[in-house]
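Novice: Just query.cif, nothing more (mmCIF, C-alpha atoms):
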data_work
loop_
_atom_site.group_PDB
_atom_site.id
_atom_site.type_symbol
_atom_site.label_atom_id
_atom_site.label_comp_id
_atom_site.auth_asym_id
_atom_site.auth_seq_id
_atom_site.Cartn_x
_atom_site.Cartn_y
_atom_site.Cartn_z
ATOM 1 C CA MET A 1 -81.115 44.810 141.343
ATOM 2 C CA SER A 2 -78.156 46.053 139.313
ATOM 3 C CA SER A 3 -75.852 43.383 140.755
ATOM 4 C CA LEU A 4 -78.440 40.705 139.957
ATOM 5 C CA LYS A 5 -78.568 41.863 136.323
ATOM 6 C CA LYS A 6 -74.791 41.762 136.218
ATOM 7 C CA LEU A 7 -74.713 38.305 137.810
ATOM 8 C CA ILE A 8 -77.186 36.852 135.333
ATOM 9 C CA GLY A 9 -75.619 38.691 132.391
ATOM 10 C CA LEU A 10 -78.591 40.836 131.449
ATOM 11 C CA ASP A 11 -76.357 43.912 131.236
ATOM 12 C CA LYS A 12 -74.506 42.238 128.352
ATOM 13 C CA VAL A 13 -77.785 41.444 126.603
ATOM 14 C CA SER A 14 -79.011 45.029 126.998
ATOM 15 C CA ASN A 15 -75.666 46.274 125.666
ATOM 16 C CA LEU A 16 -76.023 43.966 122.633
ATOM 17 C CA VAL A 17 -79.560 45.210 121.998
ATOM 18 C CA LYS A 18 -78.322 48.825 122.133
ATOM 19 C CA ILE A 19 -75.484 48.102 119.683
ATOM 20 C CA VAL A 20 -77.862 46.364 117.258
ATOM 21 C CA GLN A 21 -80.282 49.309 117.458
ATOM 22 C CA ASP A 22 -77.452 51.817 116.883
ATOM 23 C CA ASN A 23 -76.352 49.918 113.778
ATOM 24 C CA GLY A 24 -79.786 49.950 112.149
ATOM 25 C CA GLY A 25 -81.418 46.708 113.234
ATOM 26 C CA VAL A 26 -80.699 43.007 112.944
ATOM 27 C CA VAL A 27 -80.249 42.857 109.156
ATOM 28 C CA SER A 28 -77.960 45.917 108.970
ATOM 29 C CA SER A 29 -75.944 44.643 111.933
ATOM 30 C CA ALA A 30 -75.518 41.207 110.340
ATOM 31 C CA LEU A 31 -74.405 42.847 107.086
ATOM 32 C CA LYS A 32 -71.922 45.031 108.973
ATOM 33 C CA VAL A 33 -70.487 42.021 110.810
ATOM 34 C CA PHE A 34 -70.134 40.185 107.480
ATOM 35 C CA ARG A 35 -68.432 43.150 105.855
ATOM 36 C CA MET A 36 -66.191 44.416 108.691
ATOM 37 C CA ASP A 37 -65.965 41.508 111.179
ATOM 38 C CA ASP A 38 -66.839 43.868 114.018
ATOM 39 C CA LEU A 39 -69.927 45.503 115.472
ATOM 40 C CA LYS A 40 -69.446 48.613 117.586
ATOM 41 C CA SER A 41 -71.514 51.521 118.776
ATOM 42 C CA GLY A 42 -70.094 55.011 119.051
ATOM 43 C CA THR A 43 -70.528 58.656 118.163
ATOM 44 C CA LEU A 44 -69.934 59.766 114.593
ATOM 45 C CA VAL A 45 -67.029 62.213 114.691
ATOM 46 C CA GLY A 46 -66.781 63.015 111.002
ATOM 47 C CA VAL A 47 -66.923 61.928 107.393
ATOM 48 C CA ASP A 48 -64.137 62.474 104.855
ATOM 49 C CA LYS A 49 -64.666 63.402 101.215
ATOM 50 C CA TYR A 50 -64.343 59.751 100.150
ATOM 51 C CA GLY A 51 -67.326 58.672 102.268
ATOM 52 C CA ASN A 52 -65.408 57.002 105.131
ATOM 53 C CA LYS A 53 -67.056 57.521 108.533
ATOM 54 C CA TYR A 54 -64.992 57.988 111.699
ATOM 55 C CA TYR A 55 -66.342 56.976 115.107
ATOM 56 C CA GLU A 56 -65.251 57.244 118.715
ATOM 57 C CA ASN A 57 -66.445 55.543 121.905
ATOM 58 C CA ASN A 58 -64.351 56.229 125.004
ATOM 59 C CA ALA A 59 -65.929 53.301 126.860
ATOM 60 C CA HIS A 60 -63.520 51.055 124.926
ATOM 61 C CA PHE A 61 -59.788 50.734 125.617
ATOM 62 C CA VAL A 62 -57.418 53.305 124.136
ATOM 63 C CA GLY A 63 -56.374 51.963 120.780
ATOM 64 C CA ARG A 64 -59.805 50.430 120.209
ATOM 65 C CA ASN A 65 -61.947 53.484 120.886
ATOM 66 C CA ARG A 66 -61.489 55.116 117.455
ATOM 67 C CA TRP A 67 -62.392 53.330 114.253
ATOM 68 C CA VAL A 68 -63.319 53.901 110.647
ATOM 69 C CA GLU A 69 -66.163 52.417 108.657
ATOM 70 C CA TYR A 70 -65.093 52.486 105.030
ATOM 71 C CA ALA A 71 -67.465 53.775 102.368
ATOM 72 C CA ASP A 72 -69.966 51.316 100.942
ATOM 73 C CA HIS A 73 -68.544 51.523 97.416
ATOM 74 C CA TYR A 74 -65.381 49.736 98.635
ATOM 75 C CA TRP A 75 -67.539 46.778 99.784
ATOM 76 C CA LEU A 76 -65.043 44.067 100.850
ATOM 77 C CA ASP A 77 -62.030 45.617 99.095
ATOM 78 C CA TYR A 78 -61.025 48.135 101.760
ATOM 79 C CA ASN A 79 -57.652 48.735 103.396
ATOM 80 C CA ALA A 80 -55.915 51.264 105.594
ATOM 81 C CA SER A 81 -54.369 53.170 102.682
ATOM 82 C CA GLN A 82 -57.853 54.541 101.934
ATOM 83 C CA ILE A 83 -57.683 56.763 105.023
ATOM 84 C CA PRO A 84 -56.510 60.247 103.982
ATOM 85 C CA ALA A 85 -53.581 61.889 105.761
ATOM 86 C CA GLU A 86 -55.723 64.418 107.610
ATOM 87 C CA TRP A 87 -57.650 61.644 109.349
ATOM 88 C CA TYR A 88 -54.592 59.421 109.827
ATOM 89 C CA GLY A 89 -53.319 61.692 112.624
ATOM 90 C CA TRP A 90 -56.604 61.519 114.494
ATOM 91 C CA MET A 91 -56.908 57.737 114.069
ATOM 92 C CA HIS A 92 -53.402 57.165 115.462
ATOM 93 C CA TYR A 93 -53.733 59.593 118.415
ATOM 94 C CA LYS A 94 -51.242 62.133 117.069
ATOM 95 C CA THR A 95 -53.912 64.737 117.738
ATOM 96 C CA ASP A 96 -57.284 64.823 119.420
ATOM 97 C CA LEU A 97 -58.566 67.481 117.020
ATOM 98 C CA ILE A 98 -60.509 66.273 114.013
ATOM 99 C CA PRO A 99 -59.391 67.817 110.691
ATOM 100 C CA THR A 100 -62.298 70.265 110.500
ATOM 101 C CA LYS A 101 -61.509 71.683 113.970
ATOM 102 C CA ASP A 102 -57.692 71.870 113.675
ATOM 103 C CA PRO A 103 -56.539 75.450 112.916
ATOM 104 C CA ASN A 104 -52.892 74.420 112.408
ATOM 105 C CA ARG A 105 -53.585 72.041 109.519
ATOM 106 C CA PRO A 106 -51.931 73.347 106.332
ATOM 107 C CA HIS A 107 -54.042 73.958 103.224
ATOM 108 C CA HIS A 108 -52.070 74.929 100.136
ATOM 109 C CA ARG A 109 -52.998 74.909 96.448
ATOM 110 C CA TRP A 110 -49.937 72.831 95.585
ATOM 111 C CA MET A 111 -50.844 69.953 97.924
ATOM 112 C CA LEU A 112 -51.867 66.793 96.071
ATOM 113 C CA ASP A 113 -55.093 64.960 96.707
ATOM 114 C CA HIS A 114 -54.957 61.652 98.595
ATOM 115 C CA THR A 115 -54.575 58.474 96.548
ATOM 116 C CA GLU A 116 -54.797 54.969 97.912
ATOM 117 C CA ASN A 117 -52.152 52.295 97.466
ATOM 118 C CA MET A 118 -53.019 50.381 94.283
ATOM 119 C CA THR A 119 -50.665 47.427 94.848
ATOM 120 C CA ALA A 120 -52.110 44.055 93.760
ATOM 121 C CA THR A 121 -54.754 45.680 91.571
ATOM 122 C CA SER A 122 -54.937 46.181 87.819
ATOM 123 C CA GLU A 123 -53.915 49.828 88.339
ATOM 124 C CA GLN A 124 -50.654 49.070 90.149
ATOM 125 C CA TYR A 125 -47.408 50.744 89.116
ATOM 126 C CA THR A 126 -45.266 48.452 87.001
ATOM 127 C CA PRO A 127 -41.782 49.740 86.202
ATOM 128 C CA TYR A 128 -40.102 48.902 82.951
ATOM 129 C CA SER A 129 -36.521 49.228 81.797
ATOM 130 C CA THR A 130 -35.379 51.073 78.689
ATOM 131 C CA THR A 131 -31.925 49.444 78.716
ATOM 132 C CA ARG A 132 -30.925 46.078 77.340
ATOM 133 C CA PRO A 133 -30.450 43.373 79.960
ATOM 134 C CA LYS A 134 -26.818 42.375 80.535
ATOM 135 C CA ILE A 135 -27.734 38.739 80.973
ATOM 136 C CA GLN A 136 -29.733 36.877 78.345
ATOM 137 C CA ALA A 137 -32.095 34.107 79.395
ATOM 138 C CA TRP A 138 -30.994 30.605 78.379
ATOM 139 C CA VAL A 139 -33.033 29.059 75.621
ATOM 140 C CA PRO A 140 -32.684 25.262 75.387
ATOM 141 C CA PRO A 141 -31.524 23.944 71.998
ATOM 142 C CA LYS A 142 -34.208 22.516 69.745
ATOM 143 C CA LYS A 143 -33.981 18.858 68.829
#
Could I get this file's structure written as structure tokens?

Specialist:
Amino acid sequence: MSSLKKLIGLDKVSNLVKIVQDNGGVVSSALKVFRMDDLKSGTLVGVDKYGNKYYENNAHFVGRNRWVEYADHYWLDYNASQIPAEWYGWMHYKTDLIPTKDPNRPHHRWMLDHTENMTATSEQYTPYSTTRPKIQAWVPPKK
């Protein structure tokens, strides 16, 4: 019976139904596909203080079995710089221990809080010069 289901493709349909149920139904799944271009099912490993959720499913290939779902307040404006350093190591397989279970992770008062890369936003860093330019721009003569 199992090989017949596999031959017809019913195992794929049952897998799709399970993924849609795990993601909160048809509407939530469609919204997640619109927002993240991917629909996966896995176990929630942890949540960082910014609201990002980290998942793992070892049924997928290595490199695709860990993923992050960015917090809802980012909506469509999310990028990889919004993952804090403590979760970066877990996401990139530098360690298998999540930050809450890693005893060797340093915690010092002088350590700065994580900030995302603000390039191409209104809050980007724009340097300015306090010295006069050596070359003056050419201004065409007025007629």

Novice: Nearest to Val47 in chain A: which of A:Gly9, A:Pro99, A:Gly63, A:Pro133 is it, counting all atoms listed in the file?

Specialist: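 Under the stated criterion, the closest residue is A:Pro99.
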
Novice: Can you tell me which residues surround His114 in chain A at a distance of at most 10 Å, considering all atoms listed in the file, apart from same-chain residues fewer than 4 positions away, and format the answer as a ChimeraX atom specification?

Specialist: /A:50,81-86

Novice: Expressed in Å to a single decimal, how great is the separation between CA of Gly51 in chain A and CA of Tyr78 in chain A?

Specialist: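 The value is 12.3 Å.
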
Novice: On this structure, the PyMOL selection byres ((chain A and resi 98) around 9) would catch which residues? List them as a list of chain:residue names, sorted by chain and number.

Specialist: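 Evaluating the PyMOL selection byres ((chain A and resi 98) around 9) on this file yields A:Val45, A:Gly46, A:Glu86, A:Trp87, A:Gly89, A:Trp90, A:Thr95, A:Asp96, A:Leu97, A:Pro99, A:Thr100, A:Lys101, A:Asp102.
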
Novice: Record the distance separating CA of Gln21 in chain A and CA of Asp72 in chain A, expressed in Å with one decimal.

Specialist: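 About the pair CA of Gln21 in chain A and CA of Asp72 in chain A: they are 19.6 Å apart.
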
Novice: Please define a box with edges along x, y and z of the file around all atoms of range 24-31 of chain A given in the file, extend it by 6 Å on each side, and return its centre and edge lengths in Å to one decimal, as AutoDock Vina command-line options.

Specialist:
--center_x -77.9 --center_y 45.6 --center_z 110.2 --size_x 19.0 --size_y 20.7 --size_z 18.1

Novice: List as a list in words the protein and nucleic acid residues near Met118 in chain A, meaning an atom at most 12 Å away when only C-alpha atoms are counted, but skip any in the same chain fewer than 5 places from it.

Specialist: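 Once the adjacent positions are removed, what remains is Asp77, Tyr78, Asn79, Ala80, Ser81, Gln82, Glu123, Gln124, Tyr125 and Thr126 of chain A.
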
Novice: In Å, with one decimal, what is the gap from CA of Tyr93 in chain A to CA of Tyr54 in chain A?

Specialist: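 We find that CA of Tyr93 in chain A and CA of Tyr54 in chain A lie 13.2 Å from each other.
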
Novice: Using all atoms listed in the file, which residue out of A:Leu112, A:Leu39, A:Met91, A:Val68 lies closest to Asn15 in chain A?

Specialist: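 For Asn15 in chain A, the nearest of the candidates is A:Leu39.
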
Novice: Between A:Leu10, A:Ile135, A:Lys49, A:Leu76, which one has atoms that come closest to Leu31 in chain A, using only C-alpha atoms?

Specialist: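 The shortest atom-to-atom distance to Leu31 in chain A comes from A:Leu76.
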
Novice: Under the rule that only C-alpha atoms are counted, which of A:Val20, A:Lys143, A:Arg132, A:Ala59 is the nearest residue to Val33 in chain A?

Specialist: A:Val20

Novice: List the neighbours of Glu69 in chain A out to 7 Å using all atoms listed in the file; skip same-chain residues closer than 2 positions along the sequence, and give me the result as a compact mmCIF listing (two decimals) with C-alpha atoms, keeping the file's coordinate frame.

Specialist:
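Below is the file around.txt, written as the result:
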# COMPACT_ATOMS: atom_id res chain seq x y z
CA ASN A 52 -65.41 57.00 105.13
CA LYS A 53 -67.06 57.52 108.53
CA TYR A 54 -64.99 57.99 111.70
CA TRP A 67 -62.39 53.33 114.25
CA ALA A 71 -67.46 53.78 102.37

Novice: Just say which residues the PyMOL selection byres ((chain A and resi 40) around 10) picks in this file, as a list in words.

Specialist: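 Going through the file, the PyMOL selection byres ((chain A and resi 40) around 10) ends up selecting Leu16, Lys18, Ile19, Val20, Asp22, Asn23, Ser29, Lys32, Val33, Asp38, Leu39, Ser41, Gly42, Tyr55, Glu56, Asn57, His60, Asn65 and Trp67 of chain A.
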
Novice: Now that the selection is made, can you save its residues with C-alpha atoms as a PDB file, in the coordinates of the input?

Specialist:
ATOM      1  CA  LEU A  16     -76.023  43.966 122.633  1.00  0.00           C
ATOM      2  CA  LYS A  18     -78.322  48.825 122.133  1.00  0.00           C
ATOM      3  CA  ILE A  19     -75.484  48.102 119.683  1.00  0.00           C
ATOM      4  CA  VAL A  20     -77.862  46.364 117.258  1.00  0.00           C
ATOM      5  CA  ASP A  22     -77.452  51.817 116.883  1.00  0.00           C
ATOM      6  CA  ASN A  23     -76.352  49.918 113.778  1.00  0.00           C
ATOM      7  CA  SER A  29     -75.944  44.643 111.933  1.00  0.00           C
ATOM      8  CA  LYS A  32     -71.922  45.031 108.973  1.00  0.00           C
ATOM      9  CA  VAL A  33     -70.487  42.021 110.810  1.00  0.00           C
ATOM     10  CA  ASP A  38     -66.839  43.868 114.018  1.00  0.00           C
ATOM     11  CA  LEU A  39     -69.927  45.503 115.472  1.00  0.00           C
ATOM     12  CA  SER A  41     -71.514  51.521 118.776  1.00  0.00           C
ATOM     13  CA  GLY A  42     -70.094  55.011 119.051  1.00  0.00           C
ATOM     14  CA  TYR A  55     -66.342  56.976 115.107  1.00  0.00           C
ATOM     15  CA  GLU A  56     -65.251  57.244 118.715  1.00  0.00           C
ATOM     16  CA  ASN A  57     -66.445  55.543 121.905  1.00  0.00           C
ATOM     17  CA  HIS A  60     -63.520  51.055 124.926  1.00  0.00           C
ATOM     18  CA  ASN A  65     -61.947  53.484 120.886  1.00  0.00           C
ATOM     19  CA  TRP A  67     -62.392  53.330 114.253  1.00  0.00           C
TER      20      TRP A  67
END

Novice: Looking at A:Ala30, A:Tyr128, A:Tyr74, A:Ser3, which one is nearest to Glu116 in chain A, with distances taken over only C-alpha atoms?

Specialist: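 Nearest candidate to Glu116 in chain A out of A:Ala30, A:Tyr128, A:Tyr74, A:Ser3: A:Tyr74.
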
Novice: Which residue gives the smallest distance to Leu44 in chain A among A:Arg66, A:Lys94, A:Gly25, A:Thr119, with only C-alpha atoms counted?

Specialist: A:Arg66
